[in-house]
Each structure stands twice: as structure tokens, then as C-alpha cells.
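Peer 1: If it helps, the file is called coords-v1.pdb and holds PDB, C-alpha atoms, pLDDT in the B column:
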```
ATOM      1  CA  MET S  11      69.142 168.122 171.934  1.00 58.00           C
ATOM      2  CA  GLY S  12      71.914 166.996 174.267  1.00 77.00           C
ATOM      3  CA  GLU S  13      74.694 168.913 175.944  1.00 90.00           C
ATOM      4  CA  VAL S  14      76.286 172.121 174.712  1.00 94.00           C
ATOM      5  CA  GLU S  15      79.975 172.663 175.427  1.00 95.00           C
ATOM      6  CA  LEU S  16      81.480 176.124 175.057  1.00 96.00           C
ATOM      7  CA  SER S  17      85.238 176.535 174.613  1.00 95.00           C
ATOM      8  CA  CYS S  18      87.365 179.181 176.280  1.00 96.00           C
ATOM      9  CA  GLN S  19      88.169 180.727 172.891  1.00 96.00           C
ATOM     10  CA  ALA S  20      84.509 181.045 171.896  1.00 97.00           C
ATOM     11  CA  TYR S  21      83.463 182.584 175.213  1.00 97.00           C
ATOM     12  CA  VAL S  22      86.377 185.027 175.478  1.00 97.00           C
ATOM     13  CA  LYS S  23      85.779 186.404 171.974  1.00 98.00           C
ATOM     14  CA  MET S  24      82.040 186.856 172.600  1.00 97.00           C
ATOM     15  CA  TYR S  25      82.835 188.595 175.889  1.00 96.00           C
ATOM     16  CA  LEU S  26      85.418 190.915 174.290  1.00 97.00           C
ATOM     17  CA  HIS S  27      83.011 191.713 171.425  1.00 97.00           C
ATOM     18  CA  ALA S  28      80.346 192.845 173.892  1.00 96.00           C
ATOM     19  CA  CYS S  29      82.921 194.819 175.909  1.00 95.00           C
ATOM     20  CA  LEU S  30      84.268 196.562 172.801  1.00 96.00           C
ATOM     21  CA  PHE S  31      80.826 197.978 172.004  1.00 95.00           C
ATOM     22  CA  PRO S  32      79.165 198.325 175.433  1.00 92.00           C
ATOM     23  CA  ARG S  33      76.371 200.631 174.225  1.00 92.00           C
ATOM     24  CA  CYS S  34      75.495 198.574 171.154  1.00 93.00           C
ATOM     25  CA  SER S  35      73.805 195.292 170.453  1.00 94.00           C
ATOM     26  CA  VAL S  36      76.366 192.853 169.048  1.00 96.00           C
ATOM     27  CA  ASN S  37      75.994 189.476 167.408  1.00 96.00           C
ATOM     28  CA  GLY S  38      77.993 186.654 165.897  1.00 97.00           C
ATOM     29  CA  LEU S  39      78.116 183.051 164.754  1.00 98.00           C
ATOM     30  CA  LEU S  40      79.081 180.016 166.825  1.00 98.00           C
ATOM     31  CA  LEU S  41      81.349 177.487 165.133  1.00 98.00           C
ATOM     32  CA  SER S  42      82.349 173.896 165.769  1.00 96.00           C
ATOM     33  CA  SER S  43      85.272 171.866 164.495  1.00 92.00           C
ATOM     34  CA  SER S  44      83.858 168.679 166.021  1.00 81.00           C
ATOM     35  CA  SER S  45      82.101 166.040 163.959  1.00 76.00           C
ATOM     36  CA  PRO S  46      78.268 166.064 164.143  1.00 73.00           C
ATOM     37  CA  GLY S  47      76.527 163.855 166.693  1.00 74.00           C
ATOM     38  CA  GLY S  48      76.489 163.898 170.479  1.00 78.00           C
ATOM     39  CA  ALA S  49      77.153 167.142 172.309  1.00 86.00           C
ATOM     40  CA  VAL S  50      77.355 170.421 170.395  1.00 93.00           C
ATOM     41  CA  CYS S  51      80.933 171.600 170.981  1.00 95.00           C
ATOM     42  CA  VAL S  52      81.267 175.308 170.250  1.00 96.00           C
ATOM     43  CA  THR S  53      84.986 175.719 169.574  1.00 96.00           C
ATOM     44  CA  ASP S  54      85.090 179.238 168.133  1.00 97.00           C
ATOM     45  CA  CYS S  55      82.939 182.208 167.145  1.00 98.00           C
ATOM     46  CA  VAL S  56      82.913 184.881 164.472  1.00 98.00           C
ATOM     47  CA  PRO S  57      81.853 188.335 165.712  1.00 97.00           C
ATOM     48  CA  LEU S  58      79.523 189.839 163.100  1.00 96.00           C
ATOM     49  CA  LEU S  59      77.879 193.189 163.729  1.00 93.00           C
ATOM     50  CA  HIS S  60      77.677 196.029 166.230  1.00 94.00           C
ATOM     51  CA  SER S  61      75.243 198.234 164.344  1.00 83.00           C
ATOM     52  CA  HIS S  62      72.088 197.694 162.307  1.00 77.00           C
ATOM     53  CA  LEU S  63      71.721 194.067 163.430  1.00 77.00           C
ATOM     54  CA  PRO S  64      68.445 193.515 161.515  1.00 78.00           C
ATOM     55  CA  LEU S  65      70.015 194.624 158.213  1.00 76.00           C
ATOM     56  CA  ALA S  66      69.414 191.503 156.116  1.00 77.00           C
ATOM     57  CA  PRO S  67      71.856 192.075 153.185  1.00 86.00           C
ATOM     58  CA  ILE S  68      74.901 192.462 155.458  1.00 86.00           C
ATOM     59  CA  THR S  69      73.868 189.448 157.560  1.00 90.00           C
ATOM     60  CA  GLN S  70      73.420 187.318 154.425  1.00 90.00           C
ATOM     61  CA  LEU S  71      76.803 188.424 153.080  1.00 92.00           C
ATOM     62  CA  ALA S  72      78.452 187.561 156.391  1.00 92.00           C
ATOM     63  CA  LEU S  73      76.739 184.152 156.601  1.00 93.00           C
ATOM     64  CA  THR S  74      77.883 183.300 153.075  1.00 95.00           C
ATOM     65  CA  GLN S  75      81.502 184.333 153.664  1.00 96.00           C
ATOM     66  CA  VAL S  76      81.714 182.552 157.013  1.00 97.00           C
ATOM     67  CA  ASP S  77      80.176 179.428 155.491  1.00 96.00           C
ATOM     68  CA  VAL S  78      82.812 179.394 152.725  1.00 97.00           C
ATOM     69  CA  TRP S  79      85.607 179.909 155.262  1.00 97.00           C
ATOM     70  CA  CYS S  80      84.205 177.112 157.451  1.00 97.00           C
ATOM     71  CA  SER S  81      84.215 174.687 154.520  1.00 96.00           C
ATOM     72  CA  GLN S  82      87.898 175.511 153.965  1.00 96.00           C
ATOM     73  CA  THR S  83      88.836 175.050 157.631  1.00 96.00           C
ATOM     74  CA  GLN S  84      86.771 171.947 158.500  1.00 96.00           C
ATOM     75  CA  GLN S  85      84.337 173.879 160.672  1.00 97.00           C
ATOM     76  CA  ARG S  86      80.595 174.428 160.589  1.00 96.00           C
ATOM     77  CA  ILE S  87      78.164 177.056 161.849  1.00 97.00           C
ATOM     78  CA  VAL S  88      76.279 175.565 164.833  1.00 97.00           C
ATOM     79  CA  GLY S  89      74.636 178.579 166.416  1.00 97.00           C
ATOM     80  CA  TYR S  90      74.228 182.289 166.938  1.00 97.00           C
ATOM     81  CA  TYR S  91      75.023 184.665 169.793  1.00 98.00           C
ATOM     82  CA  GLN S  92      73.791 188.135 170.652  1.00 97.00           C
ATOM     83  CA  ALA S  93      74.187 190.718 173.407  1.00 96.00           C
ATOM     84  CA  ASN S  94      71.488 193.381 173.561  1.00 95.00           C
ATOM     85  CA  ALA S  95      72.270 197.090 173.968  1.00 94.00           C
ATOM     86  CA  CYS S  96      70.233 197.137 177.186  1.00 92.00           C
ATOM     87  CA  ALA S  97      72.393 195.199 179.664  1.00 89.00           C
ATOM     88  CA  SER S  98      69.431 193.911 181.680  1.00 89.00           C
ATOM     89  CA  ASP S  99      67.686 192.506 178.586  1.00 93.00           C
ATOM     90  CA  CYS S 100      68.852 189.077 177.507  1.00 93.00           C
ATOM     91  CA  SER S 101      65.712 188.079 175.594  1.00 95.00           C
ATOM     92  CA  PRO S 102      66.122 187.034 171.956  1.00 96.00           C
ATOM     93  CA  THR S 103      64.999 189.756 169.555  1.00 95.00           C
ATOM     94  CA  PRO S 104      63.078 189.023 166.322  1.00 95.00           C
ATOM     95  CA  CYS S 105      66.398 189.474 164.503  1.00 94.00           C
ATOM     96  CA  ALA S 106      68.088 186.868 166.737  1.00 96.00           C
ATOM     97  CA  LEU S 107      65.269 184.376 166.214  1.00 96.00           C
ATOM     98  CA  LYS S 108      65.299 184.904 162.451  1.00 95.00           C
ATOM     99  CA  ILE S 109      69.048 184.296 162.076  1.00 95.00           C
ATOM    100  CA  ALA S 110      68.963 181.339 164.478  1.00 97.00           C
ATOM    101  CA  ASP S 111      66.094 179.831 162.445  1.00 96.00           C
ATOM    102  CA  LYS S 112      68.194 180.172 159.306  1.00 95.00           C
ATOM    103  CA  ILE S 113      71.108 178.351 160.961  1.00 96.00           C
ATOM    104  CA  ALA S 114      68.754 175.638 162.265  1.00 96.00           C
ATOM    105  CA  GLU S 115      67.688 174.919 158.673  1.00 95.00           C
ATOM    106  CA  GLN S 116      71.248 173.722 158.021  1.00 93.00           C
ATOM    107  CA  PHE S 117      72.062 172.283 161.473  1.00 94.00           C
ATOM    108  CA  ASP S 118      69.309 170.561 163.465  1.00 92.00           C
ATOM    109  CA  SER S 119      70.977 171.001 166.860  1.00 93.00           C
ATOM    110  CA  ALA S 120      71.665 174.731 166.454  1.00 95.00           C
ATOM    111  CA  VAL S 121      71.844 176.835 169.612  1.00 96.00           C
ATOM    112  CA  LEU S 122      70.873 180.429 170.290  1.00 97.00           C
ATOM    113  CA  LEU S 123      73.039 182.027 172.967  1.00 97.00           C
ATOM    114  CA  MET S 124      72.240 185.355 174.618  1.00 97.00           C
ATOM    115  CA  LEU S 125      74.845 187.175 176.707  1.00 96.00           C
ATOM    116  CA  ASP S 126      73.468 188.620 179.940  1.00 94.00           C
ATOM    117  CA  GLY S 127      75.079 192.055 180.112  1.00 92.00           C
ATOM    118  CA  SER S 128      73.987 192.578 183.718  1.00 90.00           C
ATOM    119  CA  LYS S 129      76.198 189.664 184.845  1.00 91.00           C
ATOM    120  CA  MET S 130      79.354 190.318 182.844  1.00 88.00           C
ATOM    121  CA  SER S 131      81.271 192.134 185.571  1.00 81.00           C
ATOM    122  CA  PRO S 132      84.145 190.228 187.267  1.00 70.00           C
ATOM    123  CA  GLU S 133      82.341 189.726 190.593  1.00 73.00           C
ATOM    124  CA  TYR S 134      79.801 187.353 189.020  1.00 79.00           C
ATOM    125  CA  ARG S 135      80.978 183.779 189.447  1.00 82.00           C
ATOM    126  CA  VAL S 136      78.674 182.119 186.916  1.00 87.00           C
ATOM    127  CA  PRO S 137      78.821 182.311 183.104  1.00 91.00           C
ATOM    128  CA  PRO S 138      76.658 185.259 181.937  1.00 94.00           C
ATOM    129  CA  ILE S 139      74.961 183.271 179.218  1.00 94.00           C
ATOM    130  CA  VAL S 140      71.429 182.108 178.472  1.00 94.00           C
ATOM    131  CA  VAL S 141      71.055 179.306 175.932  1.00 96.00           C
ATOM    132  CA  TYR S 142      68.003 178.424 173.864  1.00 96.00           C
ATOM    133  CA  GLU S 143      67.308 175.306 171.827  1.00 95.00           C
ATOM    134  CA  ARG S 144      64.778 174.789 169.054  1.00 94.00           C
ATOM    135  CA  LYS S 145      61.882 172.433 169.710  1.00 92.00           C
ATOM    136  CA  ASP S 146      58.749 172.146 167.587  1.00 89.00           C
ATOM    137  CA  SER S 147      59.655 175.286 165.605  1.00 90.00           C
ATOM    138  CA  ARG S 148      60.059 177.350 168.805  1.00 95.00           C
ATOM    139  CA  TRP S 149      63.133 178.497 170.717  1.00 97.00           C
ATOM    140  CA  ILE S 150      62.933 177.514 174.376  1.00 95.00           C
ATOM    141  CA  LEU S 151      65.286 177.935 177.332  1.00 94.00           C
ATOM    142  CA  LYS S 152      67.776 175.120 177.642  1.00 92.00           C
ATOM    143  CA  ASP S 153      68.378 173.357 180.948  1.00 88.00           C
ATOM    144  CA  LYS S 154      71.435 175.009 182.565  1.00 82.00           C
ATOM    145  CA  HIS S 155      72.738 171.615 183.653  1.00 83.00           C
ATOM    146  CA  THR S 156      73.280 170.634 180.017  1.00 86.00           C
ATOM    147  CA  ILE S 157      75.530 173.636 179.305  1.00 88.00           C
ATOM    148  CA  MET S 158      79.219 173.082 179.964  1.00 90.00           C
ATOM    149  CA  LEU S 159      81.972 175.658 180.114  1.00 89.00           C
ATOM    150  CA  ARG S 160      84.980 173.611 181.129  1.00 81.00           C
ATOM    151  CA  GLN S 161      87.560 175.350 183.339  1.00 88.00           C
ATOM    152  CA  TRP S 162      85.183 178.272 183.879  1.00 91.00           C
ATOM    153  CA  GLU S 163      87.351 179.984 186.510  1.00 91.00           C
ATOM    154  CA  GLU S 164      90.355 179.964 184.157  1.00 93.00           C
ATOM    155  CA  THR S 165      88.197 181.148 181.248  1.00 94.00           C
ATOM    156  CA  ARG S 166      86.765 183.969 183.363  1.00 93.00           C
ATOM    157  CA  ALA S 167      90.271 184.992 184.470  1.00 93.00           C
ATOM    158  CA  ILE S 168      91.586 185.010 180.886  1.00 95.00           C
ATOM    159  CA  ALA S 169      88.624 187.093 179.687  1.00 94.00           C
ATOM    160  CA  GLY S 170      89.236 189.621 182.470  1.00 93.00           C
ATOM    161  CA  GLN S 171      92.989 189.673 181.865  1.00 95.00           C
ATOM    162  CA  MET S 172      92.563 190.299 178.117  1.00 96.00           C
ATOM    163  CA  LEU S 173      90.037 193.063 178.723  1.00 95.00           C
ATOM    164  CA  GLU S 174      92.340 194.721 181.247  1.00 94.00           C
ATOM    165  CA  SER S 175      95.299 194.605 178.855  1.00 96.00           C
ATOM    166  CA  GLY S 176      93.223 196.147 176.060  1.00 96.00           C
ATOM    167  CA  ASP S 177      93.119 193.075 173.826  1.00 96.00           C
ATOM    168  CA  HIS S 178      89.437 193.725 173.088  1.00 95.00           C
ATOM    169  CA  LEU S 179      90.606 196.663 170.942  1.00 95.00           C
ATOM    170  CA  GLN S 180      92.222 194.116 168.581  1.00 96.00           C
ATOM    171  CA  LEU S 181      88.969 192.257 167.997  1.00 97.00           C
ATOM    172  CA  VAL S 182      87.567 192.643 164.481  1.00 97.00           C
ATOM    173  CA  ASP S 183      83.936 191.955 163.712  1.00 96.00           C
ATOM    174  CA  PHE S 184      82.455 191.706 160.218  1.00 94.00           C
ATOM    175  CA  ASP S 185      81.159 195.274 160.523  1.00 93.00           C
ATOM    176  CA  SER S 186      84.697 196.581 161.058  1.00 93.00           C
ATOM    177  CA  HIS S 187      85.997 194.420 158.218  1.00 95.00           C
ATOM    178  CA  LEU S 188      83.494 195.997 155.819  1.00 90.00           C
ATOM    179  CA  ASP S 189      84.799 199.428 156.861  1.00 92.00           C
ATOM    180  CA  ASP S 190      88.382 198.304 156.212  1.00 95.00           C
ATOM    181  CA  ILE S 191      88.781 195.005 154.339  1.00 92.00           C
ATOM    182  CA  ARG S 192      92.407 194.693 155.522  1.00 96.00           C
ATOM    183  CA  LYS S 193      91.073 193.829 158.958  1.00 96.00           C
ATOM    184  CA  ASP S 194      90.861 190.087 159.673  1.00 96.00           C
ATOM    185  CA  TRP S 195      87.366 189.028 160.834  1.00 96.00           C
ATOM    186  CA  THR S 196      88.690 185.536 161.647  1.00 97.00           C
ATOM    187  CA  ASN S 197      90.778 187.154 164.438  1.00 97.00           C
ATOM    188  CA  GLN S 198      93.772 184.840 164.110  1.00 97.00           C
ATOM    189  CA  LYS S 199      96.032 187.064 166.248  1.00 96.00           C
ATOM    190  CA  LEU S 200      93.478 187.087 169.048  1.00 97.00           C
ATOM    191  CA  ASN S 201      93.033 183.317 168.752  1.00 97.00           C
ATOM    192  CA  THR S 202      96.798 182.843 169.133  1.00 97.00           C
ATOM    193  CA  LYS S 203      96.856 185.001 172.272  1.00 96.00           C
ATOM    194  CA  ILE S 204      93.980 183.032 173.829  1.00 96.00           C
ATOM    195  CA  VAL S 205      95.731 179.736 173.052  1.00 95.00           C
ATOM    196  CA  GLU S 206      98.931 181.052 174.659  1.00 95.00           C
ATOM    197  CA  LEU S 207      97.063 182.081 177.796  1.00 94.00           C
ATOM    198  CA  THR S 208      95.294 178.729 178.081  1.00 90.00           C
ATOM    199  CA  SER S 209      98.451 176.679 177.630  1.00 78.00           C
ATOM    200  CA  PRO S 210      99.703 174.595 180.614  1.00 63.00           C
ATOM    201  CA  ALA S 211     102.903 176.661 180.600  1.00 45.00           C
ATOM    202  CA  ASN S 212     100.874 179.606 181.862  1.00 51.00           C
ATOM    203  CA  GLY S 213      99.289 177.565 184.626  1.00 49.00           C
ATOM    204  CA  ASN S 214      95.932 177.265 182.836  1.00 48.00           C
ATOM    205  CA  ILE S 215      94.305 174.300 181.154  1.00 44.00           C
TER
END
```
Could you rewrite the structure in this file as C-alpha cells?
Peer 2:
Amino acid sequence: MGEVELSCQAYVKMYLHACLFPRCSVNGLLLSSSSPGGAVCVTDCVPLLHSHLPLAPITQLALTQVDVWCSQTQQRIVGYYQANACASDCSPTPCALKIADKIAEQFDSAVLLMLDGSKMSPEYRVPPIVVYERKDSRWILKDKHTIMLRQWEETRAIAGQMLESGDHLQLVDFDSHLDDIRKDWTNQKLNTKIVELTSPANGNI
């Protein structure tokens, strides 16, 4: 597998998801609107669960609904992310490996991304992510030099700014949607805010 590129929007939403439920494990799906081939460009994510992560029926329901939505919006599922409840533990759980395997059945270059909760505070200058790739039916650590987060300083600043202003409280994961189906798990309002903050008019790229 080649390079993996992570967009500002995808990272910020993963970060806010983990911050919204700091004492829980959270997970979600990584999406791409780029055509297959070359680098895997993760352009967005869908936050899934913050409780009962190994619960298969809910995960299957979420995967099906997200897959249908992706087909309607010219996107595809290219990976999986998870943050463990224990901040110092960023190892993939059996649940993470199982869901990532399922995604890899449909997309050969699927990635498994773990958020490192111990490095998510503002003073850390490097992206708090650990990425795995699938080789010979096993998930192995990916070379850090093949993981790109363009404009990382701006992305980090936007994530911190949105957390400080309470925007993480607007984030809806699939769990919350099941509790109240009026809530939008595609997070269009949050997406719009991130786009506004990354626009050149705000001094960011």
C-alpha cells in the first residue's frame, strides 16, 4: 500500500468524537471521495459508536446505511478508526480488527487508524494517530513517513478552536442518531463549519 492522506475535516471530526466521550471507546468509518488508485485520500469520516463497540447488529446496520449514503454521494468506505477508553492504549482491539477486516474485503487498500489518547492534548505537536495496513491477512504498523496530514498546524489549531468553542457538542455519531433519529449522523452542519474555518478568508488553507 502507498501513502495515506488525511484531510482536515476527517481528522477534526475524529478528534471531536473522542473529546465528546472522553471516558468511552469510540469508533467510526473513514471515507474517500477520490477515485481508487494511488494514495488513499481520507476526505471525511462518519462517527459510529461510543458504547458497546463489539455489538455486531448495530455495527452491521451502520455499515449498511453508510454504504448506501456513500453510493449516493460518490464516496466509499476506505477504513476504520477507533479511540480506546484507556488513553494510553492505542492498540487495535479484536473488535477493531474484525471491522477493519470486513472493510478490507471490499477495499484492498483499507486502513485501520487508532487515535492515541495520551497525545491528544494541545501541547503535542505531532498528529496523535497510529495507522495500520493489511499485509498477508495481518494488520501491521504503517511507516509514519507514508502518512500525510497536510497543513497539520492549521488542522491542529482548528481542532482546538472547535473544541474550545463547544462545537464537539454538535457532533452526532450513529449511536446518538439511534437514540433520536432526527439527529444527522452525516454531520453536515459541522462539515460546513470546518470548511469555513479552513477557507483562505480565515487565514487557513
Peer 1: Excluding range 34-40 of chain S and any residue of its chain fewer than 3 positions from it, enumerate the residues within 8 Å of it, using all atoms listed in the file, and give them as JSON, numbers by chain.
Peer 2: {"S": [20, 24, 27, 28, 31, 52, 53, 54, 55, 56, 57, 58, 59, 60, 61, 63, 87, 88, 89, 90, 91, 92, 93, 94, 95, 96]}
Peer 1: What's around Thr208 in chain S at 12 Å? Count all atoms listed in the file, leave out sequence neighbours fewer than 6 positions away in its own chain, and write the answer as an NGL selection string.
Peer 2: :S and (17-19 or 22 or 160-169 or 171-172 or 201-202 or 214-215)
Peer 1: Suppose you want the space between CA of Lys203 in chain S and CA of Leu26 in chain S; what is it in Å?
Peer 2: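 Computing it gives 13.0 Å between the two atoms.
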Peer 1: I would like the residues chosen by the PyMOL selection byres ((chain S and resi 110) around 10) on the shown file; could you give them as a VMD selection string?
Peer 2: chain S and resid 39 88 to 91 102 104 to 109 111 to 115 120 to 123 142 to 144 149
Peer 1: CA of Ser209 in chain S and CA of Lys129 in chain S are how many Å apart?
Peer 2: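 Separation between CA of Ser209 in chain S and CA of Lys129 in chain S: 26.8 Å.
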Peer 1: Pick from S:Leu173, S:Leu188, S:Val182, S:Leu159: nearest to Ile204 in chain S, with all atoms listed in the file counted?
Peer 2: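 Closest to Ile204 in chain S, using all atoms listed in the file: S:Leu173.
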Peer 1: Rank nothing, just name the residue among S:Thr103, S:Ser43, S:Leu179, S:Glu133 nearest to Pro64 in chain S, using all atoms listed in the file.
Peer 2: S:Thr103
Peer 1: Please indicate the distance in Å from CA of His178 in chain S to CA of Thr196 in chain S, rounded to one decimal place.
Peer 2: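 Between CA of His178 in chain S and CA of Thr196 in chain S the gap works out to 14.1 Å.
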Peer 1: When the PyMOL selection byres ((chain S and resi 85) around 7) is applied to the structure above, which residues does it catch, written out as a list in words?
Peer 2: Leu41, Ser42, Ser43, Cys80, Ser81, Thr83, Gln84 and Arg86 of chain S
Peer 1: Suppose a student applies the PyMOL selection byres ((chain S and resi 13) around 12) to this structure; what residues should they get, written as a list in words?
Peer 2: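 Output from the PyMOL selection byres ((chain S and resi 13) around 12), applied to this file: Met11, Gly12, Val14, Glu15, Leu16, Gly47, Gly48, Ala49, Val50, Cys51, Val52, Ser119, Ala120, Val121, Val141, Tyr142, Glu143, Lys152, Asp153, Lys154, His155, Thr156, Ile157, Met158 and Leu159 of chain S.
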Peer 1: Between S:Lys145, S:Lys23, S:His62, S:Arg33, which is the closest to Lys199 in chain S once you count only C-alpha atoms?
Peer 2: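 Closest to Lys199 in chain S, using only C-alpha atoms: S:Lys23.
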Peer 1: Compile the contact shell of Ser98 in chain S as a ChimeraX atom specification: residues with an atom at most 8 Å away, counting all atoms listed in the file, same-chain residues fewer than 5 positions apart removed.
Peer 2: /S:126-128
Peer 1: Please export range 133-143 of chain S as a short mmCIF file (atom, residue, chain, number, x, y, z; two decimals), in the first residue's frame, restricted to all heavy atoms.
Peer 2:
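Saved file part-v1.cif follows:
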```
data_model
loop_
_atom_site.label_atom_id
_atom_site.label_comp_id
_atom_site.auth_asym_id
_atom_site.auth_seq_id
_atom_site.Cartn_x
_atom_site.Cartn_y
_atom_site.Cartn_z
N GLU S 133 -0.51 20.55 23.63
CA GLU S 133 0.96 20.73 23.63
C GLU S 133 1.70 19.75 22.73
O GLU S 133 2.86 19.97 22.40
CB GLU S 133 1.52 20.66 25.05
CG GLU S 133 1.28 19.35 25.77
CD GLU S 133 0.08 19.41 26.70
OE1 GLU S 133 -0.81 20.25 26.46
OE2 GLU S 133 0.04 18.63 27.66
N TYR S 134 1.04 18.67 22.32
CA TYR S 134 1.70 17.71 21.42
C TYR S 134 1.69 18.27 20.00
O TYR S 134 0.66 18.69 19.49
CB TYR S 134 1.01 16.35 21.46
CG TYR S 134 1.48 15.50 22.63
CD1 TYR S 134 0.80 15.50 23.83
CD2 TYR S 134 2.64 14.72 22.52
CE1 TYR S 134 1.25 14.75 24.92
CE2 TYR S 134 3.09 13.97 23.60
CZ TYR S 134 2.39 13.98 24.79
OH TYR S 134 2.84 13.25 25.85
N ARG S 135 2.85 18.25 19.37
CA ARG S 135 2.99 18.89 18.06
C ARG S 135 2.84 17.92 16.90
O ARG S 135 2.89 18.31 15.75
CB ARG S 135 4.37 19.58 17.95
CG ARG S 135 4.77 20.42 19.12
CD ARG S 135 3.87 21.62 19.33
NE ARG S 135 3.98 22.61 18.29
CZ ARG S 135 3.39 23.81 18.32
NH1 ARG S 135 2.62 24.13 19.36
NH2 ARG S 135 3.52 24.66 17.33
N VAL S 136 2.68 16.63 17.20
CA VAL S 136 2.56 15.65 16.12
C VAL S 136 1.17 15.04 16.13
O VAL S 136 0.52 14.96 17.19
CB VAL S 136 3.63 14.52 16.24
CG1 VAL S 136 5.02 15.08 16.05
CG2 VAL S 136 3.51 13.81 17.59
N PRO S 137 0.66 14.60 14.98
CA PRO S 137 -0.68 14.01 14.94
C PRO S 137 -0.77 12.78 15.85
O PRO S 137 0.08 11.89 15.77
CB PRO S 137 -0.84 13.61 13.46
CG PRO S 137 0.12 14.49 12.71
CD PRO S 137 1.28 14.70 13.64
N PRO S 138 -1.79 12.72 16.72
CA PRO S 138 -1.91 11.60 17.66
C PRO S 138 -2.57 10.38 17.03
O PRO S 138 -3.59 9.88 17.51
CB PRO S 138 -2.78 12.20 18.77
CG PRO S 138 -3.66 13.16 18.04
CD PRO S 138 -2.84 13.73 16.92
N ILE S 139 -2.00 9.93 15.95
CA ILE S 139 -2.61 8.80 15.24
C ILE S 139 -1.58 7.70 14.97
O ILE S 139 -0.39 7.96 14.81
CB ILE S 139 -3.25 9.25 13.89
CG1 ILE S 139 -2.20 9.92 12.99
CG2 ILE S 139 -4.42 10.17 14.12
CD1 ILE S 139 -2.71 10.28 11.61
N VAL S 140 -2.07 6.48 14.97
CA VAL S 140 -1.26 5.31 14.62
C VAL S 140 -2.02 4.58 13.52
O VAL S 140 -3.21 4.28 13.68
CB VAL S 140 -1.08 4.37 15.84
CG1 VAL S 140 -0.20 3.18 15.46
CG2 VAL S 140 -0.47 5.12 17.02
N VAL S 141 -1.36 4.34 12.40
CA VAL S 141 -2.05 3.75 11.25
C VAL S 141 -1.51 2.34 10.95
O VAL S 141 -0.30 2.11 10.97
CB VAL S 141 -1.90 4.65 10.00
CG1 VAL S 141 -2.62 4.03 8.79
CG2 VAL S 141 -2.47 6.03 10.28
N TYR S 142 -2.44 1.45 10.68
CA TYR S 142 -2.10 0.07 10.33
C TYR S 142 -2.56 -0.22 8.91
O TYR S 142 -3.56 0.33 8.45
CB TYR S 142 -2.78 -0.92 11.28
CG TYR S 142 -2.30 -0.85 12.70
CD1 TYR S 142 -2.77 0.13 13.57
CD2 TYR S 142 -1.37 -1.77 13.20
CE1 TYR S 142 -2.32 0.21 14.88
CE2 TYR S 142 -0.92 -1.71 14.51
CZ TYR S 142 -1.40 -0.72 15.35
OH TYR S 142 -0.97 -0.65 16.64
N GLU S 143 -1.81 -1.08 8.23
CA GLU S 143 -2.21 -1.55 6.91
C GLU S 143 -2.26 -3.07 6.91
O GLU S 143 -1.62 -3.72 7.74
CB GLU S 143 -1.24 -1.05 5.84
CG GLU S 143 0.19 -1.51 6.01
CD GLU S 143 1.12 -0.92 4.96
OE1 GLU S 143 0.65 -0.59 3.86
OE2 GLU S 143 2.32 -0.80 5.24
#
```
